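S.K.: I have a structure I would like to understand better, so I am pasting it below and will then ask my questions one at a time.
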Amino acid sequence: MKKILLTGGGTAGHVTPNIALLPDLKAEGYDIHYIGSYEGMEKKLITAQGIHYDGIATGKFRRYLSAKNLTDPFRVIKGFQQAKKLIRDYKPDVVFSKGGFVAVPVVLAAGHYHIPVIIHESDMTPGLANKICMRTAKKICCNFPETVKLLPADKAVLTGTPIRRELLNGSRDAGFAFTGLSDDKPILLMMGGSTGSRAVNAGLRSALPQLLKEFHVIHLCGKGNLDSTLAQPSYIQYEYISDELKDLFAISDIVLSRAGANAICELLALKKPNILVPLPAAVSRGDQILNAHSFERQGFSLVIEEEQLTNATLLDAVHNLYENREQFINAMHNSGQQDPIATIIGLIEEAATK
């Protein structure tokens with residue numbers, strides 16, 4: 001039986017693409033193991049899938065001054081030794097890494113034993129962990145044409161991000177039944193992540209009186225961000241949605257979202273015209289800004305910088321997007337990233353065979 005070792009952790013974005021690959025890997029006959037941190041969020045997500053999980057010591061690589069910079073290198077060294085033992089015992093044919101600091105010792109340990117490694121970079125510019133792993137990798141998957149130019153030419157592959165296939169199988173009937181909405185007006189879906197986005201929540205709610213004249217609005221506002229004073233039939237709020245998200249996508253005509261790589265790749269796969277409000281550079285490394293403007297250049301999205309988010313800019317963008325939605329849908333249909341899972345599975349098969 002073929003064996004594959006998956007790794008990645010620290011955030012959901014470093015885990016959910018691995019989960020999206022599981023059904024196809026199982027169908028191809030792979031025995032699957034996962035290495036993550038001792039108690040990171042990846043442990044719960046992966047063990048829930050019935051996959052064998054091993055935890056190792058991890059240390060974060062920081063570009064800024066921190067007292068932990070003195071101790072974390074020793075955790076990385078310990079994790080490297082632990083990963084070497086696990087890999088020596090398991091003997092995988094191939095390693096697939098979704099990145100994050102937990103993946104570094106695993107990828108380096110795989111390189112020590114000359115096991116082929118494929119890594120995936122979600123954002124426009126590679127993060128520090130993936131930069132460290134690149135020399136070891138046989139192939140580097142990415143989401144943006146611009147990223148290909150930043151990677152070794154013989155390793156870069158434009159794949160897109162694997163997304164759960166069930167998201168493609170939403171039911172409009174189930175979506176309308178769940179929300180209580182009807183199809184008498186188009187539907188705007190706003191997504192702010194599991195914790196929500198204070199700025200985008202406020203911007204959307206400020207524009208509600210005008211928006212609700214023409215649209216139903218479904219608002220995924222994040223934990224603790226419900227506002228009962230705004231309750232009305234055309235405005236549906238949820239803190240967080242999991243299983244029913246596919247059905248909400250199915251009934252939504254346009255989407256307002258942050259610009260995290262996984263989220264926007266889901267929108268691309270679902271061919272949903274969208275407005276992106278990226279996290280500002282002041283509170284991030286600027287990756288969402290780069291992600292959003294790449295999608296804008298490719299004709300997939302409209303972008304509003306958070307500093308420019310007002311009633312006027314939001315309403316103008318919503319009207320523009322909806323009126324020209326077919327243009328955005330056609331651009332997404334013509335994207336080269338039509339089946340990331342099949343492309344990545346192909347790379348894995350090639351590496352494992354060799």
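Residues are named by chain letter and number: chains run A, B, ... in the order of the structure tokens, numbers start at 1 in each chain, and ligands are numbered from 1 in the order shown.
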For Gln308 in chain A, list every protein, DNA or RNA residue within 12 Å, evaluated using only C-alpha atoms, and leave out those in the same chain fewer than 5 positions away; present the list as a PyMOL selection string.
M.R.: chain A and resi 199-200+203+277-278+280+303+313-314+317
S.K.: Write out as a PDB file with all heavy atoms, in the first residue's frame the set of residues from range 204-268 of chain A that DSSP, computed on the backbone, places in strand (DSSP E or B).
M.R.:
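And here is the file that came out, out_27.pdb:
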ATOM      1  N   HIS A 216     -31.683  40.437  -0.343  1.00  0.00           N
ATOM      2  CA  HIS A 216     -31.650  39.748   0.942  1.00  0.00           C
ATOM      3  C   HIS A 216     -30.175  39.669   1.348  1.00  0.00           C
ATOM      4  O   HIS A 216     -29.293  39.542   0.493  1.00  0.00           O
ATOM      5  CB  HIS A 216     -32.207  38.328   0.832  1.00  0.00           C
ATOM      6  CG  HIS A 216     -33.648  38.258   0.477  1.00  0.00           C
ATOM      7  ND1 HIS A 216     -34.642  38.865   1.227  1.00  0.00           N
ATOM      8  CD2 HIS A 216     -34.290  37.628  -0.553  1.00  0.00           C
ATOM      9  CE1 HIS A 216     -35.816  38.619   0.679  1.00  0.00           C
ATOM     10  NE2 HIS A 216     -35.636  37.882  -0.407  1.00  0.00           N
ATOM     11  N   VAL A 217     -29.914  39.717   2.649  1.00  0.00           N
ATOM     12  CA  VAL A 217     -28.534  39.672   3.134  1.00  0.00           C
ATOM     13  C   VAL A 217     -28.380  38.550   4.159  1.00  0.00           C
ATOM     14  O   VAL A 217     -29.129  38.475   5.137  1.00  0.00           O
ATOM     15  CB  VAL A 217     -28.115  41.018   3.764  1.00  0.00           C
ATOM     16  CG1 VAL A 217     -26.706  40.913   4.363  1.00  0.00           C
ATOM     17  CG2 VAL A 217     -28.169  42.143   2.734  1.00  0.00           C
ATOM     18  N   ILE A 218     -27.408  37.667   3.914  1.00  0.00           N
ATOM     19  CA  ILE A 218     -27.009  36.649   4.884  1.00  0.00           C
ATOM     20  C   ILE A 218     -25.653  37.064   5.434  1.00  0.00           C
ATOM     21  O   ILE A 218     -24.701  37.250   4.681  1.00  0.00           O
ATOM     22  CB  ILE A 218     -26.889  35.257   4.228  1.00  0.00           C
ATOM     23  CG1 ILE A 218     -28.220  34.844   3.596  1.00  0.00           C
ATOM     24  CG2 ILE A 218     -26.452  34.218   5.259  1.00  0.00           C
ATOM     25  CD1 ILE A 218     -28.112  33.567   2.767  1.00  0.00           C
ATOM     26  N   HIS A 219     -25.558  37.203   6.740  1.00  0.00           N
ATOM     27  CA  HIS A 219     -24.365  37.770   7.369  1.00  0.00           C
ATOM     28  C   HIS A 219     -23.746  36.752   8.323  1.00  0.00           C
ATOM     29  O   HIS A 219     -24.313  36.437   9.367  1.00  0.00           O
ATOM     30  CB  HIS A 219     -24.761  39.042   8.131  1.00  0.00           C
ATOM     31  CG  HIS A 219     -23.597  39.818   8.659  1.00  0.00           C
ATOM     32  ND1 HIS A 219     -23.747  40.994   9.362  1.00  0.00           N
ATOM     33  CD2 HIS A 219     -22.251  39.609   8.594  1.00  0.00           C
ATOM     34  CE1 HIS A 219     -22.555  41.465   9.697  1.00  0.00           C
ATOM     35  NE2 HIS A 219     -21.645  40.626   9.255  1.00  0.00           N
ATOM     36  N   LEU A 220     -22.580  36.225   7.978  1.00  0.00           N
ATOM     37  CA  LEU A 220     -21.804  35.381   8.882  1.00  0.00           C
ATOM     38  C   LEU A 220     -20.876  36.301   9.660  1.00  0.00           C
ATOM     39  O   LEU A 220     -19.798  36.667   9.190  1.00  0.00           O
ATOM     40  CB  LEU A 220     -21.016  34.327   8.093  1.00  0.00           C
ATOM     41  CG  LEU A 220     -21.827  33.476   7.108  1.00  0.00           C
ATOM     42  CD1 LEU A 220     -20.950  32.382   6.499  1.00  0.00           C
ATOM     43  CD2 LEU A 220     -23.047  32.882   7.772  1.00  0.00           C
ATOM     44  N   GLN A 232     -34.623  41.291  11.123  1.00  0.00           N
ATOM     45  CA  GLN A 232     -35.726  41.537  10.186  1.00  0.00           C
ATOM     46  C   GLN A 232     -35.723  40.426   9.144  1.00  0.00           C
ATOM     47  O   GLN A 232     -34.701  39.749   8.946  1.00  0.00           O
ATOM     48  CB  GLN A 232     -35.598  42.902   9.528  1.00  0.00           C
ATOM     49  CG  GLN A 232     -34.232  43.206   8.943  1.00  0.00           C
ATOM     50  CD  GLN A 232     -34.071  44.680   8.600  1.00  0.00           C
ATOM     51  OE1 GLN A 232     -34.814  45.222   7.790  1.00  0.00           O
ATOM     52  NE2 GLN A 232     -33.115  45.334   9.251  1.00  0.00           N
ATOM     53  N   TYR A 235     -32.804  40.085   6.587  1.00  0.00           N
ATOM     54  CA  TYR A 235     -31.430  40.123   7.098  1.00  0.00           C
ATOM     55  C   TYR A 235     -31.239  38.982   8.076  1.00  0.00           C
ATOM     56  O   TYR A 235     -31.767  38.999   9.190  1.00  0.00           O
ATOM     57  CB  TYR A 235     -31.156  41.465   7.783  1.00  0.00           C
ATOM     58  CG  TYR A 235     -29.783  41.563   8.431  1.00  0.00           C
ATOM     59  CD1 TYR A 235     -28.621  41.365   7.695  1.00  0.00           C
ATOM     60  CD2 TYR A 235     -29.663  41.862   9.795  1.00  0.00           C
ATOM     61  CE1 TYR A 235     -27.368  41.460   8.288  1.00  0.00           C
ATOM     62  CE2 TYR A 235     -28.414  41.966  10.396  1.00  0.00           C
ATOM     63  CZ  TYR A 235     -27.276  41.761   9.635  1.00  0.00           C
ATOM     64  OH  TYR A 235     -26.041  41.854  10.220  1.00  0.00           O
ATOM     65  N   ILE A 236     -30.481  37.969   7.662  1.00  0.00           N
ATOM     66  CA  ILE A 236     -30.279  36.765   8.458  1.00  0.00           C
ATOM     67  C   ILE A 236     -28.845  36.746   8.977  1.00  0.00           C
ATOM     68  O   ILE A 236     -27.887  36.828   8.198  1.00  0.00           O
ATOM     69  CB  ILE A 236     -30.531  35.500   7.623  1.00  0.00           C
ATOM     70  CG1 ILE A 236     -31.863  35.594   6.870  1.00  0.00           C
ATOM     71  CG2 ILE A 236     -30.491  34.259   8.505  1.00  0.00           C
ATOM     72  CD1 ILE A 236     -33.069  35.717   7.771  1.00  0.00           C
ATOM     73  N   GLN A 237     -28.690  36.619  10.299  1.00  0.00           N
ATOM     74  CA  GLN A 237     -27.361  36.624  10.913  1.00  0.00           C
ATOM     75  C   GLN A 237     -27.034  35.253  11.510  1.00  0.00           C
ATOM     76  O   GLN A 237     -27.898  34.613  12.102  1.00  0.00           O
ATOM     77  CB  GLN A 237     -27.291  37.638  12.055  1.00  0.00           C
ATOM     78  CG  GLN A 237     -27.702  39.054  11.729  1.00  0.00           C
ATOM     79  CD  GLN A 237     -27.758  39.904  12.985  1.00  0.00           C
ATOM     80  OE1 GLN A 237     -26.740  40.229  13.594  1.00  0.00           O
ATOM     81  NE2 GLN A 237     -28.968  40.278  13.400  1.00  0.00           N
ATOM     82  N   TYR A 238     -25.781  34.847  11.346  1.00  0.00           N
ATOM     83  CA  TYR A 238     -25.274  33.656  12.011  1.00  0.00           C
ATOM     84  C   TYR A 238     -23.877  33.978  12.529  1.00  0.00           C
ATOM     85  O   TYR A 238     -23.109  34.680  11.869  1.00  0.00           O
ATOM     86  CB  TYR A 238     -25.165  32.464  11.054  1.00  0.00           C
ATOM     87  CG  TYR A 238     -26.455  32.100  10.365  1.00  0.00           C
ATOM     88  CD1 TYR A 238     -26.678  32.478   9.037  1.00  0.00           C
ATOM     89  CD2 TYR A 238     -27.447  31.376  11.017  1.00  0.00           C
ATOM     90  CE1 TYR A 238     -27.851  32.144   8.383  1.00  0.00           C
ATOM     91  CE2 TYR A 238     -28.628  31.036  10.373  1.00  0.00           C
ATOM     92  CZ  TYR A 238     -28.828  31.425   9.061  1.00  0.00           C
ATOM     93  OH  TYR A 238     -29.992  31.099   8.414  1.00  0.00           O
ATOM     94  N   ILE A 254     -24.045  37.049  -4.916  1.00  0.00           N
ATOM     95  CA  ILE A 254     -22.764  37.734  -4.785  1.00  0.00           C
ATOM     96  C   ILE A 254     -22.290  37.602  -3.343  1.00  0.00           C
ATOM     97  O   ILE A 254     -23.080  37.330  -2.434  1.00  0.00           O
ATOM     98  CB  ILE A 254     -22.830  39.227  -5.196  1.00  0.00           C
ATOM     99  CG1 ILE A 254     -23.835  39.985  -4.323  1.00  0.00           C
ATOM    100  CG2 ILE A 254     -23.174  39.373  -6.677  1.00  0.00           C
ATOM    101  CD1 ILE A 254     -23.858  41.493  -4.590  1.00  0.00           C
ATOM    102  N   VAL A 255     -20.977  37.800  -3.133  1.00  0.00           N
ATOM    103  CA  VAL A 255     -20.386  37.585  -1.814  1.00  0.00           C
ATOM    104  C   VAL A 255     -19.493  38.766  -1.449  1.00  0.00           C
ATOM    105  O   VAL A 255     -18.763  39.292  -2.294  1.00  0.00           O
ATOM    106  CB  VAL A 255     -19.550  36.282  -1.795  1.00  0.00           C
ATOM    107  CG1 VAL A 255     -18.882  36.077  -0.437  1.00  0.00           C
ATOM    108  CG2 VAL A 255     -20.419  35.073  -2.152  1.00  0.00           C
ATOM    109  N   LEU A 256     -19.558  39.153  -0.175  1.00  0.00           N
ATOM    110  CA  LEU A 256     -18.656  40.147   0.415  1.00  0.00           C
ATOM    111  C   LEU A 256     -17.782  39.413   1.412  1.00  0.00           C
ATOM    112  O   LEU A 256     -18.287  38.710   2.290  1.00  0.00           O
ATOM    113  CB  LEU A 256     -19.456  41.242   1.112  1.00  0.00           C
ATOM    114  CG  LEU A 256     -18.681  42.287   1.936  1.00  0.00           C
ATOM    115  CD1 LEU A 256     -17.786  43.139   1.047  1.00  0.00           C
ATOM    116  CD2 LEU A 256     -19.656  43.176   2.726  1.00  0.00           C
ATOM    117  N   SER A 257     -16.450  39.551   1.296  1.00  0.00           N
ATOM    118  CA  SER A 257     -15.570  38.709   2.104  1.00  0.00           C
ATOM    119  C   SER A 257     -14.243  39.397   2.384  1.00  0.00           C
ATOM    120  O   SER A 257     -13.838  40.324   1.680  1.00  0.00           O
ATOM    121  CB  SER A 257     -15.304  37.389   1.355  1.00  0.00           C
ATOM    122  OG  SER A 257     -14.382  36.562   2.042  1.00  0.00           O
TER     123      SER A 257
END
S.K.: What's around Asn130 in chain A at 12 Å? Count only C-alpha atoms, leave out sequence neighbours fewer than 3 positions away in its own chain, and write the answer as a PyMOL selection string.
M.R.: chain A and resi 8+14+61+97-108+117-123+125-127+133-137+139-142+151
S.K.: With N, CA and C atoms retained, write the just-selected residues as an mmCIF file, in the first residue's frame.
M.R.:
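To be explicit, this is the file written out as result-v4.cif:
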data_model
loop_
_atom_site.group_PDB
_atom_site.id
_atom_site.type_symbol
_atom_site.label_atom_id
_atom_site.label_comp_id
_atom_site.auth_asym_id
_atom_site.auth_seq_id
_atom_site.Cartn_x
_atom_site.Cartn_y
_atom_site.Cartn_z
ATOM 1 N N GLY A 8 1.033 20.205 8.421
ATOM 2 C CA GLY A 8 0.581 21.585 8.314
ATOM 3 C C GLY A 8 -0.244 21.938 9.534
ATOM 4 N N HIS A 14 -4.092 26.113 7.197
ATOM 5 C CA HIS A 14 -3.001 25.172 6.989
ATOM 6 C C HIS A 14 -3.455 23.723 7.188
ATOM 7 N N PHE A 61 8.804 30.608 13.752
ATOM 8 C CA PHE A 61 9.852 31.474 13.209
ATOM 9 C C PHE A 61 9.290 32.895 13.114
ATOM 10 N N SER A 97 2.913 18.941 2.376
ATOM 11 C CA SER A 97 2.896 19.948 3.436
ATOM 12 C C SER A 97 2.073 21.161 3.019
ATOM 13 N N LYS A 98 1.140 21.558 3.898
ATOM 14 C CA LYS A 98 0.349 22.759 3.656
ATOM 15 C C LYS A 98 0.965 23.973 4.338
ATOM 16 N N GLY A 99 2.073 23.794 5.005
ATOM 17 C CA GLY A 99 2.778 24.946 5.562
ATOM 18 C C GLY A 99 2.443 25.220 7.014
ATOM 19 N N GLY A 100 2.919 26.357 7.488
ATOM 20 C CA GLY A 100 2.834 26.675 8.903
ATOM 21 C C GLY A 100 4.092 26.202 9.605
ATOM 22 N N PHE A 101 4.346 26.754 10.772
ATOM 23 C CA PHE A 101 5.621 26.485 11.442
ATOM 24 C C PHE A 101 5.787 25.024 11.835
ATOM 25 N N VAL A 102 4.677 24.299 12.062
ATOM 26 C CA VAL A 102 4.781 22.897 12.447
ATOM 27 C C VAL A 102 5.346 22.044 11.313
ATOM 28 N N ALA A 103 5.196 22.514 10.075
ATOM 29 C CA ALA A 103 5.618 21.708 8.923
ATOM 30 C C ALA A 103 7.125 21.715 8.716
ATOM 31 N N VAL A 104 7.827 22.713 9.217
ATOM 32 C CA VAL A 104 9.251 22.861 8.917
ATOM 33 C C VAL A 104 10.076 21.643 9.357
ATOM 34 N N PRO A 105 9.990 21.216 10.629
ATOM 35 C CA PRO A 105 10.806 20.046 11.009
ATOM 36 C C PRO A 105 10.412 18.775 10.260
ATOM 37 N N VAL A 106 9.135 18.663 9.885
ATOM 38 C CA VAL A 106 8.672 17.475 9.156
ATOM 39 C C VAL A 106 9.275 17.447 7.753
ATOM 40 N N VAL A 107 9.210 18.587 7.063
ATOM 41 C CA VAL A 107 9.760 18.664 5.706
ATOM 42 C C VAL A 107 11.271 18.444 5.719
ATOM 43 N N LEU A 108 11.955 19.049 6.665
ATOM 44 C CA LEU A 108 13.402 18.881 6.747
ATOM 45 C C LEU A 108 13.778 17.435 7.070
ATOM 46 N N VAL A 117 8.968 15.575 -1.350
ATOM 47 C CA VAL A 117 8.070 16.482 -0.626
ATOM 48 C C VAL A 117 7.396 17.426 -1.613
ATOM 49 N N ILE A 118 6.097 17.585 -1.463
ATOM 50 C CA ILE A 118 5.343 18.595 -2.209
ATOM 51 C C ILE A 118 4.768 19.561 -1.188
ATOM 52 N N ILE A 119 4.961 20.857 -1.399
ATOM 53 C CA ILE A 119 4.425 21.847 -0.474
ATOM 54 C C ILE A 119 3.443 22.749 -1.211
ATOM 55 N N HIS A 120 2.577 23.363 -0.443
ATOM 56 C CA HIS A 120 1.576 24.268 -1.011
ATOM 57 C C HIS A 120 1.672 25.616 -0.310
ATOM 58 N N GLU A 121 1.768 26.676 -1.117
ATOM 59 C CA GLU A 121 1.798 28.047 -0.610
ATOM 60 C C GLU A 121 0.492 28.735 -0.989
ATOM 61 N N SER A 122 -0.256 29.174 0.018
ATOM 62 C CA SER A 122 -1.570 29.764 -0.236
ATOM 63 C C SER A 122 -1.498 31.204 -0.710
ATOM 64 N N ASP A 123 -0.598 31.981 -0.112
ATOM 65 C CA ASP A 123 -0.602 33.416 -0.351
ATOM 66 C C ASP A 123 0.274 33.798 -1.544
ATOM 67 N N THR A 125 2.846 35.844 -1.712
ATOM 68 C CA THR A 125 4.269 35.756 -1.412
ATOM 69 C C THR A 125 4.495 34.671 -0.361
ATOM 70 N N PRO A 126 5.475 33.808 -0.534
ATOM 71 C CA PRO A 126 5.679 32.703 0.403
ATOM 72 C C PRO A 126 5.948 33.189 1.818
ATOM 73 N N GLY A 127 5.331 32.484 2.791
ATOM 74 C CA GLY A 127 5.615 32.755 4.186
ATOM 75 C C GLY A 127 6.986 32.225 4.570
ATOM 76 N N CYS A 133 11.328 25.676 3.643
ATOM 77 C CA CYS A 133 11.066 24.335 3.117
ATOM 78 C C CYS A 133 11.313 24.200 1.616
ATOM 79 N N MET A 134 11.422 25.308 0.906
ATOM 80 C CA MET A 134 11.450 25.255 -0.561
ATOM 81 C C MET A 134 12.609 24.429 -1.123
ATOM 82 N N ARG A 135 13.766 24.540 -0.510
ATOM 83 C CA ARG A 135 14.925 23.817 -1.032
ATOM 84 C C ARG A 135 14.714 22.314 -0.997
ATOM 85 N N THR A 136 13.957 21.863 -0.003
ATOM 86 C CA THR A 136 13.709 20.432 0.152
ATOM 87 C C THR A 136 12.620 19.947 -0.804
ATOM 88 N N ALA A 137 11.708 20.838 -1.190
ATOM 89 C CA ALA A 137 10.518 20.433 -1.948
ATOM 90 C C ALA A 137 10.848 20.008 -3.374
ATOM 91 N N LYS A 139 8.113 19.796 -5.617
ATOM 92 C CA LYS A 139 7.198 20.693 -6.304
ATOM 93 C C LYS A 139 6.589 21.655 -5.289
ATOM 94 N N ILE A 140 6.284 22.876 -5.768
ATOM 95 C CA ILE A 140 5.675 23.893 -4.913
ATOM 96 C C ILE A 140 4.381 24.344 -5.587
ATOM 97 N N CYS A 141 3.265 24.006 -4.975
ATOM 98 C CA CYS A 141 1.957 24.387 -5.501
ATOM 99 C C CYS A 141 1.611 25.791 -5.018
ATOM 100 N N CYS A 142 0.874 26.542 -5.839
ATOM 101 C CA CYS A 142 0.514 27.899 -5.440
ATOM 102 C C CYS A 142 -0.821 28.304 -6.061
ATOM 103 N N LEU A 151 9.009 31.670 -7.538
ATOM 104 C CA LEU A 151 9.439 30.331 -7.147
ATOM 105 C C LEU A 151 10.421 29.757 -8.168
#
S.K.: What separation in Å, quoted to one decimal, exists between CA of Lys78 in chain A and CA of Lys43 in chain A?
M.R.: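 For CA of Lys78 in chain A relative to CA of Lys43 in chain A, the distance reads 18.9 Å.
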S.K.: Can you work out which one of A:His114, A:Arg172, A:Arg258, A:Lys2 has the shortest atom-to-atom distance to Lys138 in chain A, counting only C-alpha atoms?
M.R.: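 Among the listed residues, A:His114 lies closest to Lys138 in chain A.
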S.K.: List as a ChimeraX atom specification the protein and nucleic acid residues near Ile264 in chain A, meaning an atom at most 9 Å away when only C-alpha atoms are counted, but skip any in the same chain fewer than 4 places from it.
M.R.: /A:257-260,268-269,274,276,291-292,295
S.K.: CA of Asp54 in chain A to CA of Leu22 in chain A: how many Å, to one decimal?
M.R.: 16.9 Å
S.K.: So the first atom is CA of Gly346 in chain A and the second is CA of Phe249 in chain A; what is the distance between them in Å, to one decimal place?
M.R.: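 Rounded to one decimal, the two atoms are 28.2 Å apart.
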S.K.: Excluding range 46-51 of chain A and its own-chain neighbours fewer than 2 positions away, which residues fall within 10 Å of it when counting only C-alpha atoms? Please give them as a list in words.
M.R.: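 Non-adjacent residues within range: Val15, Thr16, Asn18, Ile19, Leu22, Asp31, Ile32, His33, Tyr34, Ile35, Gly36, Met41, Glu42, Lys43, Lys44, Tyr53 and Asp54 of chain A.
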S.K.: If we count only C-alpha atoms, what is near Gly170 in chain A at a cut-off of 7 Å, once residues fewer than 6 positions away on the same chain are taken out, given as a list in words?
M.R.: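 Result of the neighbour search: Lys246, Asp247, Phe249 and Ala250 of chain A.
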S.K.: Name the closest residue to Leu347 in chain A among the candidates A:Asn169, A:Asn201, A:Thr159, A:Ser242; distances are taken between atoms, counting only C-alpha atoms.
M.R.: A:Thr159
